[in-house]
Structure formats: C-alpha cells, structure tokens
Amino acid sequence: MSDLPDLTQYDAVLFDLDGVITPTAEVHMHAWRAMFETLFSDWDIQPPYTDADYFDHLDGKKRYDGVAALLRSRDVEVPWGDPSDAPEADTVCGIGNRKNIVFSRVLREEGIQAYPGTMRLIDILDAAGVPSAVVSSSKNAEDVLAAAGIRDRFPVVMDGMVAERQHLPSKPAPDVFLVAAQMAGVDPSRTAAVEDAISGVQSAAAGGFSLVVGVDRGAGAQALRDAGAHVVVSDLAEFADAHDSRSGSGSA
C-alpha cells in the first residue's frame, strides 16, 4: 500500500498504547470480562456482559469512566467513591481497582511484547528524526512500556496518571491528545495520531490532528472511519512496508 500517507513528513506521531503499540488491549479485555461476569452474576445484572460492552463502553476510556458508563448502560448507579477505595468496595473506583488486580497479575506473570509492525514504523520515524509519543488512557502505561522494554523510545508519555493529575476528561474529548502535542512541542495541524479505539479516534479527530490513523484490532474499519479516521489499516506494518516500497529498501 504505497499510497498510504508518509508519516515521516509529520512533525510527530502520537500513538495510543493498548492495541496500537502493545497487545495489552487483549489483556484488558480478559480482565474486564472476568471481573464484570462475576459482578453481574453476584448482582443479578442483565443482560450479561459481552465483548461488545468492551468496545462500546470501556475501550479507550479512563478506567473509572468506563466502569460508570458500562453500569449506566444497565441502569445501575453506584457511588463514585475515591481512587484509594479497596477493590472490595462497591463503588465505581472500587470496581475499577478490582479489575486492575487481574490485569496487573497477568502483566507481571506473562509480560508483554510490542507489535513488531509498530516497532518497525517507530524505527523508521526515529531514523527520520520524527518523534513518537504515547497517548494512553491507562494508568498502567508506564508499567506496560517498561514490561515491553520500550519506555526509552518515547520522550513523552501522556497516560491516565497524568490525565488525573491535570483533571483532563477521557477520550473522546480531545484534551489528552492536545496536551500530549503541547508536551511534545508540536502543532496538531502538523501531527499524526494513531488509535485503535473508536473513542480514541474521536478524540484525535476532535483535536484537529492533520492525520488520524485507525488500526482495526476489532472495533471495525467502517466504525473507525465513521469516528473520524482518515485511513484505516489492520497493522502498522502496512506503513512500514509502504515506506520501504517508496524508498526501495524492501527485500527482494
């Protein structure tokens, strides 16, 4: 696909983490499913939790906002609580913390590897002098990057911890992408953003980024386009292949 935009022509590329740089979205999905299936059973909540709930209510959002959105979809309201709530607490924060125990255990026991296609693209960007940054709603972003051994590749990491300190709203609001661009010292109108979540694509599009790339890891190509993606790929290796094709550096 040599007709893909040349990402080396942008001032920077801002990458979502889960599902774009690392396959942690799958770990998140499994952790959410295990936690909510138990919760729904204990509380007799109907209809049952499905993977569609992940994409509709959780994917790309800050942890507690996702919990509140999913419970609201079942007409269930609980107190918000506080981020320091114990995992056993029947609050939005307590339920979110409950899920994170499962996620942290899997990450610790199994580790994580970055997508090879994404790292190929980041290598190309580095060689061209185009900085890469991380824009993640996850409070686990630093741990995930460290577990994957790639924390040093990103001078700017805008994650859920930073967003909480600065009181930034969740994606699909544009704030996290706009602040990340500010941290990187670049203008959104000359910057590309890469996302796999519908809410993340909406966030980057609302921020006025010059190019919004959707990576279809399950949200659906058309849904990503409808959310504002200018181009959709199944893997960022497609951009690396296009670059190699343009430069004549591909293998025979």
# chains A, B, ... in the order shown; residues from 1 in each chain; ligands from 1
>>> residues_around(residues="Arg63 of chain A", least_positions_apart="4", cutoff="9 Å", atoms="only C-alpha atoms", output="list of chain:residue names")
A:Leu58, A:Val67, A:Ala68, A:Cys93, A:Gly96, A:Asn97, A:Asn100, A:Ser137, A:Ser138, A:Lys139, A:Gly160
>>> select_by_dssp(residues="segment 75-249 of chain A", states="strand (DSSP E or B)", output="list of chain:residue names")
A:Ser132, A:Ala133, A:Val134, A:Val135, A:Val156, A:Val157, A:Met158, A:Thr191, A:Ala192, A:Ala193, A:Val194, A:Glu195, A:Leu211, A:Val212, A:Val213, A:Gly214, A:Val215, A:Val231, A:Val232, A:Val233
>>> write_last_selection(atoms="all heavy atoms", output="compact mmCIF listing (two decimals), in the first residue's frame")
# COMPACT_ATOMS: atom_id res chain seq x y z
N SER A 132 8.15 10.16 18.44
CA SER A 132 6.94 9.40 18.75
C SER A 132 6.56 9.66 20.20
O SER A 132 7.43 9.80 21.06
CB SER A 132 7.18 7.89 18.56
OG SER A 132 7.58 7.60 17.24
N ALA A 133 5.27 9.73 20.47
CA ALA A 133 4.78 9.93 21.83
C ALA A 133 3.65 8.96 22.09
O ALA A 133 3.01 8.45 21.16
CB ALA A 133 4.31 11.37 22.03
N VAL A 134 3.39 8.70 23.36
CA VAL A 134 2.30 7.81 23.77
C VAL A 134 1.17 8.63 24.36
O VAL A 134 1.39 9.53 25.18
CB VAL A 134 2.80 6.78 24.81
CG1 VAL A 134 1.63 5.98 25.38
CG2 VAL A 134 3.82 5.85 24.19
N VAL A 135 -0.06 8.33 23.92
CA VAL A 135 -1.25 8.96 24.48
C VAL A 135 -2.21 7.84 24.89
O VAL A 135 -2.89 7.26 24.06
CB VAL A 135 -1.94 9.90 23.46
CG1 VAL A 135 -3.12 10.61 24.12
CG2 VAL A 135 -0.95 10.91 22.91
N VAL A 156 7.77 11.49 25.46
CA VAL A 156 6.52 11.99 26.03
C VAL A 156 5.55 10.83 26.22
O VAL A 156 5.29 10.08 25.27
CB VAL A 156 5.87 13.06 25.13
CG1 VAL A 156 4.46 13.39 25.61
CG2 VAL A 156 6.72 14.32 25.09
N VAL A 157 5.05 10.67 27.45
CA VAL A 157 4.02 9.69 27.73
C VAL A 157 2.88 10.40 28.46
O VAL A 157 3.02 10.82 29.61
CB VAL A 157 4.55 8.52 28.60
CG1 VAL A 157 3.40 7.58 28.99
CG2 VAL A 157 5.63 7.75 27.86
N MET A 158 1.77 10.58 27.76
CA MET A 158 0.56 11.13 28.36
C MET A 158 -0.33 9.95 28.71
O MET A 158 -0.84 9.26 27.81
CB MET A 158 -0.14 12.07 27.36
CG MET A 158 -1.63 12.29 27.61
SD MET A 158 -2.04 12.94 29.23
CE MET A 158 -1.44 14.61 29.04
N THR A 191 0.64 17.16 12.85
CA THR A 191 0.93 15.96 13.64
C THR A 191 -0.06 14.85 13.31
O THR A 191 -1.23 15.11 13.04
CB THR A 191 0.86 16.29 15.15
OG1 THR A 191 1.78 17.35 15.43
CG2 THR A 191 1.22 15.08 16.00
N ALA A 192 0.42 13.60 13.33
CA ALA A 192 -0.42 12.44 13.10
C ALA A 192 -0.75 11.75 14.42
O ALA A 192 0.05 11.78 15.37
CB ALA A 192 0.26 11.45 12.16
N ALA A 193 -1.93 11.15 14.49
CA ALA A 193 -2.35 10.41 15.67
C ALA A 193 -2.80 9.02 15.24
O ALA A 193 -3.45 8.87 14.20
CB ALA A 193 -3.50 11.14 16.38
N VAL A 194 -2.46 8.01 16.04
CA VAL A 194 -2.77 6.62 15.70
C VAL A 194 -3.56 5.99 16.84
O VAL A 194 -3.12 6.01 17.99
CB VAL A 194 -1.48 5.81 15.45
CG1 VAL A 194 -1.83 4.40 14.97
CG2 VAL A 194 -0.57 6.52 14.45
N GLU A 195 -4.72 5.43 16.52
CA GLU A 195 -5.63 4.89 17.53
C GLU A 195 -6.31 3.61 17.03
O GLU A 195 -6.49 3.44 15.84
CB GLU A 195 -6.73 5.91 17.85
CG GLU A 195 -6.43 6.82 19.02
CD GLU A 195 -6.63 6.12 20.36
OE1 GLU A 195 -7.05 4.94 20.38
OE2 GLU A 195 -6.38 6.76 21.39
N LEU A 211 -3.58 14.12 10.53
CA LEU A 211 -3.87 12.76 10.06
C LEU A 211 -4.27 11.91 11.25
O LEU A 211 -3.55 11.87 12.25
CB LEU A 211 -2.65 12.15 9.38
CG LEU A 211 -2.82 10.70 8.89
CD1 LEU A 211 -3.80 10.64 7.72
CD2 LEU A 211 -1.47 10.08 8.50
N VAL A 212 -5.40 11.24 11.14
CA VAL A 212 -5.85 10.30 12.17
C VAL A 212 -5.87 8.91 11.55
O VAL A 212 -6.62 8.66 10.60
CB VAL A 212 -7.24 10.67 12.71
CG1 VAL A 212 -7.66 9.66 13.78
CG2 VAL A 212 -7.25 12.08 13.27
N VAL A 213 -5.03 8.03 12.06
CA VAL A 213 -4.92 6.67 11.57
C VAL A 213 -5.68 5.73 12.50
O VAL A 213 -5.45 5.74 13.72
CB VAL A 213 -3.45 6.22 11.48
CG1 VAL A 213 -3.36 4.75 11.03
CG2 VAL A 213 -2.67 7.12 10.53
N GLY A 214 -6.57 4.94 11.95
CA GLY A 214 -7.24 3.92 12.73
C GLY A 214 -6.59 2.57 12.50
O GLY A 214 -6.30 2.21 11.35
N VAL A 215 -6.33 1.83 13.58
CA VAL A 215 -5.81 0.47 13.48
C VAL A 215 -6.93 -0.46 13.91
O VAL A 215 -7.37 -0.42 15.06
CB VAL A 215 -4.57 0.27 14.37
CG1 VAL A 215 -4.02 -1.14 14.20
CG2 VAL A 215 -3.49 1.30 14.05
N VAL A 231 -7.59 7.21 7.52
CA VAL A 231 -7.15 5.96 6.89
C VAL A 231 -7.19 4.88 7.95
O VAL A 231 -6.96 5.14 9.14
CB VAL A 231 -5.73 6.11 6.28
CG1 VAL A 231 -4.71 6.44 7.36
CG2 VAL A 231 -5.31 4.85 5.53
N VAL A 232 -7.51 3.65 7.54
CA VAL A 232 -7.58 2.53 8.48
C VAL A 232 -6.72 1.39 7.96
O VAL A 232 -6.78 1.05 6.77
CB VAL A 232 -9.03 2.02 8.66
CG1 VAL A 232 -9.07 0.80 9.58
CG2 VAL A 232 -9.91 3.13 9.23
N VAL A 233 -5.89 0.82 8.84
CA VAL A 233 -5.07 -0.34 8.50
C VAL A 233 -5.31 -1.43 9.54
O VAL A 233 -5.86 -1.16 10.61
CB VAL A 233 -3.56 0.03 8.46
CG1 VAL A 233 -3.27 1.02 7.34
CG2 VAL A 233 -3.10 0.57 9.81
>>> residues_around(residues="Ala147 of chain A", least_positions_apart="2", cutoff="12 Å", atoms="only C-alpha atoms", output="PyMOL selection string")
chain A and resi 22+24+104+106-114+140-145+149-152
>>> residues_around(residues="Ser170 of chain A", least_positions_apart="4", cutoff="8 Å", atoms="only C-alpha atoms", output="PyMOL selection string")
chain A and resi 61-62+65+137+175-176
>>> write_last_selection(atoms="all heavy atoms", output="short mmCIF file (atom, residue, chain, number, x, y, z; two decimals), in the first residue's frame")
data_model
loop_
_atom_site.label_atom_id
_atom_site.label_comp_id
_atom_site.auth_asym_id
_atom_site.auth_seq_id
_atom_site.Cartn_x
_atom_site.Cartn_y
_atom_site.Cartn_z
N LYS A 61 -11.23 4.54 27.21
CA LYS A 61 -11.62 5.47 28.26
C LYS A 61 -10.78 5.26 29.52
O LYS A 61 -10.22 4.19 29.74
CB LYS A 61 -13.10 5.30 28.61
CG LYS A 61 -14.05 5.67 27.50
CD LYS A 61 -15.49 5.52 27.94
CE LYS A 61 -16.44 5.90 26.82
NZ LYS A 61 -17.86 5.71 27.20
N LYS A 62 -10.74 6.29 30.35
CA LYS A 62 -10.14 6.12 31.66
C LYS A 62 -10.93 5.07 32.43
O LYS A 62 -12.14 4.92 32.26
CB LYS A 62 -10.10 7.45 32.42
CG LYS A 62 -9.13 8.46 31.83
CD LYS A 62 -8.89 9.65 32.74
CE LYS A 62 -10.09 10.55 32.84
NZ LYS A 62 -9.80 11.77 33.62
N ASP A 65 -14.22 6.02 34.36
CA ASP A 65 -15.25 6.49 33.43
C ASP A 65 -15.87 5.31 32.69
O ASP A 65 -17.07 5.28 32.43
CB ASP A 65 -14.65 7.47 32.41
CG ASP A 65 -14.31 8.81 33.03
OD1 ASP A 65 -14.76 9.08 34.17
OD2 ASP A 65 -13.58 9.59 32.39
N SER A 137 -5.08 6.22 27.86
CA SER A 137 -5.98 6.46 28.98
C SER A 137 -5.61 5.60 30.19
O SER A 137 -6.12 5.83 31.29
CB SER A 137 -7.43 6.15 28.57
OG SER A 137 -7.85 7.00 27.54
N ASP A 175 -8.81 16.48 24.88
CA ASP A 175 -7.82 17.08 25.78
C ASP A 175 -6.51 16.31 25.90
O ASP A 175 -5.42 16.90 25.88
CB ASP A 175 -8.43 17.26 27.17
CG ASP A 175 -9.69 18.10 27.14
OD1 ASP A 175 -10.65 17.71 26.45
OD2 ASP A 175 -9.72 19.15 27.81
N VAL A 176 -6.58 14.97 26.05
CA VAL A 176 -5.34 14.22 26.26
C VAL A 176 -4.42 14.30 25.04
O VAL A 176 -3.20 14.40 25.17
CB VAL A 176 -5.62 12.75 26.64
CG1 VAL A 176 -6.18 12.67 28.05
CG2 VAL A 176 -6.55 12.06 25.66
#
>>> residues_around(residues="segment 83-87 of chain A", least_positions_apart="2", cutoff="9 Å", atoms="only C-alpha atoms", output="list of chain:residue names")
A:Tyr64, A:Gly81, A:Ala89, A:Asp90, A:Thr91, A:Val92, A:Cys93, A:Gly94, A:Ile95, A:Gly96, A:Asn97, A:Arg98, A:Lys99, A:Asn100, A:Ile101
>>> write_last_selection(atoms="all heavy atoms", output="compact mmCIF listing (two decimals), in the first residue's frame")
# COMPACT_ATOMS: atom_id res chain seq x y z
N TYR A 64 -12.20 4.46 35.47
CA TYR A 64 -13.42 4.70 36.23
C TYR A 64 -14.55 5.22 35.35
O TYR A 64 -15.72 4.87 35.57
CB TYR A 64 -13.14 5.67 37.39
CG TYR A 64 -12.02 5.21 38.30
CD1 TYR A 64 -11.07 6.11 38.77
CD2 TYR A 64 -11.92 3.87 38.69
CE1 TYR A 64 -10.04 5.69 39.59
CE2 TYR A 64 -10.88 3.44 39.52
CZ TYR A 64 -9.94 4.36 39.97
OH TYR A 64 -8.91 3.93 40.78
N GLY A 81 -17.11 7.04 44.71
CA GLY A 81 -16.04 6.64 45.62
C GLY A 81 -14.78 7.45 45.39
O GLY A 81 -14.81 8.57 44.89
N ALA A 89 -14.70 -2.61 47.54
CA ALA A 89 -15.71 -1.56 47.69
C ALA A 89 -16.68 -1.56 46.51
O ALA A 89 -16.25 -1.65 45.35
CB ALA A 89 -15.04 -0.20 47.83
N ASP A 90 -17.96 -1.44 46.81
CA ASP A 90 -18.98 -1.41 45.75
C ASP A 90 -19.18 0.03 45.28
O ASP A 90 -20.27 0.61 45.39
CB ASP A 90 -20.28 -2.02 46.24
CG ASP A 90 -20.17 -3.53 46.41
OD1 ASP A 90 -19.34 -4.14 45.71
OD2 ASP A 90 -20.90 -4.08 47.25
N THR A 91 -18.10 0.61 44.78
CA THR A 91 -18.11 1.95 44.20
C THR A 91 -17.50 1.85 42.81
O THR A 91 -16.88 0.83 42.45
CB THR A 91 -17.26 2.93 45.03
OG1 THR A 91 -15.89 2.47 45.03
CG2 THR A 91 -17.76 3.01 46.47
N VAL A 92 -17.68 2.91 42.02
CA VAL A 92 -17.07 2.92 40.69
C VAL A 92 -15.56 2.71 40.80
O VAL A 92 -14.98 1.90 40.07
CB VAL A 92 -17.38 4.26 39.97
CG1 VAL A 92 -16.50 4.42 38.74
CG2 VAL A 92 -18.85 4.33 39.58
N CYS A 93 -14.92 3.42 41.72
CA CYS A 93 -13.47 3.29 41.87
C CYS A 93 -13.08 1.91 42.40
O CYS A 93 -12.09 1.33 41.94
CB CYS A 93 -12.94 4.38 42.80
SG CYS A 93 -13.09 6.06 42.14
N GLY A 94 -13.85 1.40 43.34
CA GLY A 94 -13.55 0.07 43.87
C GLY A 94 -13.66 -1.00 42.80
O GLY A 94 -12.79 -1.89 42.71
N ILE A 95 -14.68 -0.90 41.96
CA ILE A 95 -14.86 -1.88 40.87
C ILE A 95 -13.72 -1.76 39.86
O ILE A 95 -13.18 -2.76 39.39
CB ILE A 95 -16.23 -1.67 40.20
CG1 ILE A 95 -17.35 -2.04 41.19
CG2 ILE A 95 -16.35 -2.50 38.93
CD1 ILE A 95 -18.73 -1.60 40.74
N GLY A 96 -13.32 -0.53 39.53
CA GLY A 96 -12.20 -0.34 38.62
C GLY A 96 -10.91 -0.90 39.19
O GLY A 96 -10.12 -1.52 38.48
N ASN A 97 -10.69 -0.71 40.50
CA ASN A 97 -9.49 -1.24 41.13
C ASN A 97 -9.52 -2.76 41.18
O ASN A 97 -8.47 -3.42 41.10
CB ASN A 97 -9.36 -0.67 42.54
CG ASN A 97 -9.10 0.82 42.53
OD1 ASN A 97 -8.71 1.39 41.50
ND2 ASN A 97 -9.32 1.48 43.66
N ARG A 98 -10.70 -3.33 41.28
CA ARG A 98 -10.87 -4.78 41.28
C ARG A 98 -10.37 -5.37 39.96
O ARG A 98 -9.65 -6.36 39.93
CB ARG A 98 -12.36 -5.10 41.47
CG ARG A 98 -12.68 -6.46 42.03
CD ARG A 98 -14.19 -6.59 42.26
NE ARG A 98 -14.72 -5.52 43.11
CZ ARG A 98 -16.02 -5.36 43.38
NH1 ARG A 98 -16.91 -6.19 42.86
NH2 ARG A 98 -16.43 -4.38 44.15
N LYS A 99 -10.75 -4.72 38.87
CA LYS A 99 -10.30 -5.18 37.55
C LYS A 99 -8.80 -5.08 37.41
O LYS A 99 -8.13 -5.94 36.83
CB LYS A 99 -11.01 -4.38 36.45
CG LYS A 99 -10.43 -4.58 35.05
CD LYS A 99 -9.46 -3.46 34.69
CE LYS A 99 -8.84 -3.71 33.30
NZ LYS A 99 -7.88 -2.65 32.96
N ASN A 100 -8.21 -4.01 37.96
CA ASN A 100 -6.79 -3.78 37.75
C ASN A 100 -5.92 -4.82 38.43
O ASN A 100 -4.79 -5.06 38.01
CB ASN A 100 -6.41 -2.38 38.24
CG ASN A 100 -5.16 -1.87 37.55
OD1 ASN A 100 -5.09 -1.87 36.33
ND2 ASN A 100 -4.17 -1.47 38.32
N ILE A 101 -6.42 -5.45 39.47
CA ILE A 101 -5.67 -6.52 40.13
C ILE A 101 -5.45 -7.67 39.16
O ILE A 101 -4.35 -8.22 39.06
CB ILE A 101 -6.42 -7.00 41.39
CG1 ILE A 101 -6.36 -5.93 42.48
CG2 ILE A 101 -5.84 -8.31 41.90
CD1 ILE A 101 -7.13 -6.28 43.73
>>> select_by_dssp(residues="segment 21-226 of chain A", states="helix (DSSP H, G or I)", output="MDAnalysis selection string")
chainID A and resid 24:43 51:58 63:73 92:110 116:127 141:147 151:153 160:165 175:184 188:190 198:206 221:226
>>> residues_around(residues="segment 43-57 of chain A", least_positions_apart="2", cutoff="8 Å", atoms="only C-alpha atoms", output="short mmCIF file (atom, residue, chain, number, x, y, z; two decimals) with C-alpha atoms, in the first residue's frame")
data_model
loop_
_atom_site.label_atom_id
_atom_site.label_comp_id
_atom_site.auth_asym_id
_atom_site.auth_seq_id
_atom_site.Cartn_x
_atom_site.Cartn_y
_atom_site.Cartn_z
CA MET A 29 -10.50 -7.28 27.61
CA TRP A 32 -12.71 -6.66 32.31
CA ARG A 33 -14.66 -9.74 31.21
CA PHE A 36 -17.75 -7.95 35.15
CA GLU A 37 -19.04 -11.50 34.62
CA LEU A 39 -20.07 -8.76 39.28
CA PHE A 40 -23.09 -9.18 37.01
CA SER A 41 -23.71 -12.66 38.40
CA ASP A 59 -12.22 0.77 25.15
CA LYS A 61 -11.62 5.47 28.26
CA GLY A 66 -15.52 3.13 31.66
CA VAL A 67 -16.94 1.43 34.75
CA ALA A 69 -20.51 4.07 31.50
CA LEU A 70 -20.97 0.29 31.47
CA ARG A 74 -27.58 -1.46 32.60
CA ALA A 197 -10.42 2.64 19.77
CA ILE A 198 -13.47 4.47 18.47
CA ALA A 219 -13.58 -2.15 16.50
#
>>> closest_residue(among="A:Ile122, A:Ala242, A:Leu236, A:Val78", to="Gly19 of chain A", atoms="only C-alpha atoms")
A:Leu236
>>> atom_distance(atom1="atom CA of Pro174 of chain A", atom2="atom CA of Val20 of chain A")
18.2 Å
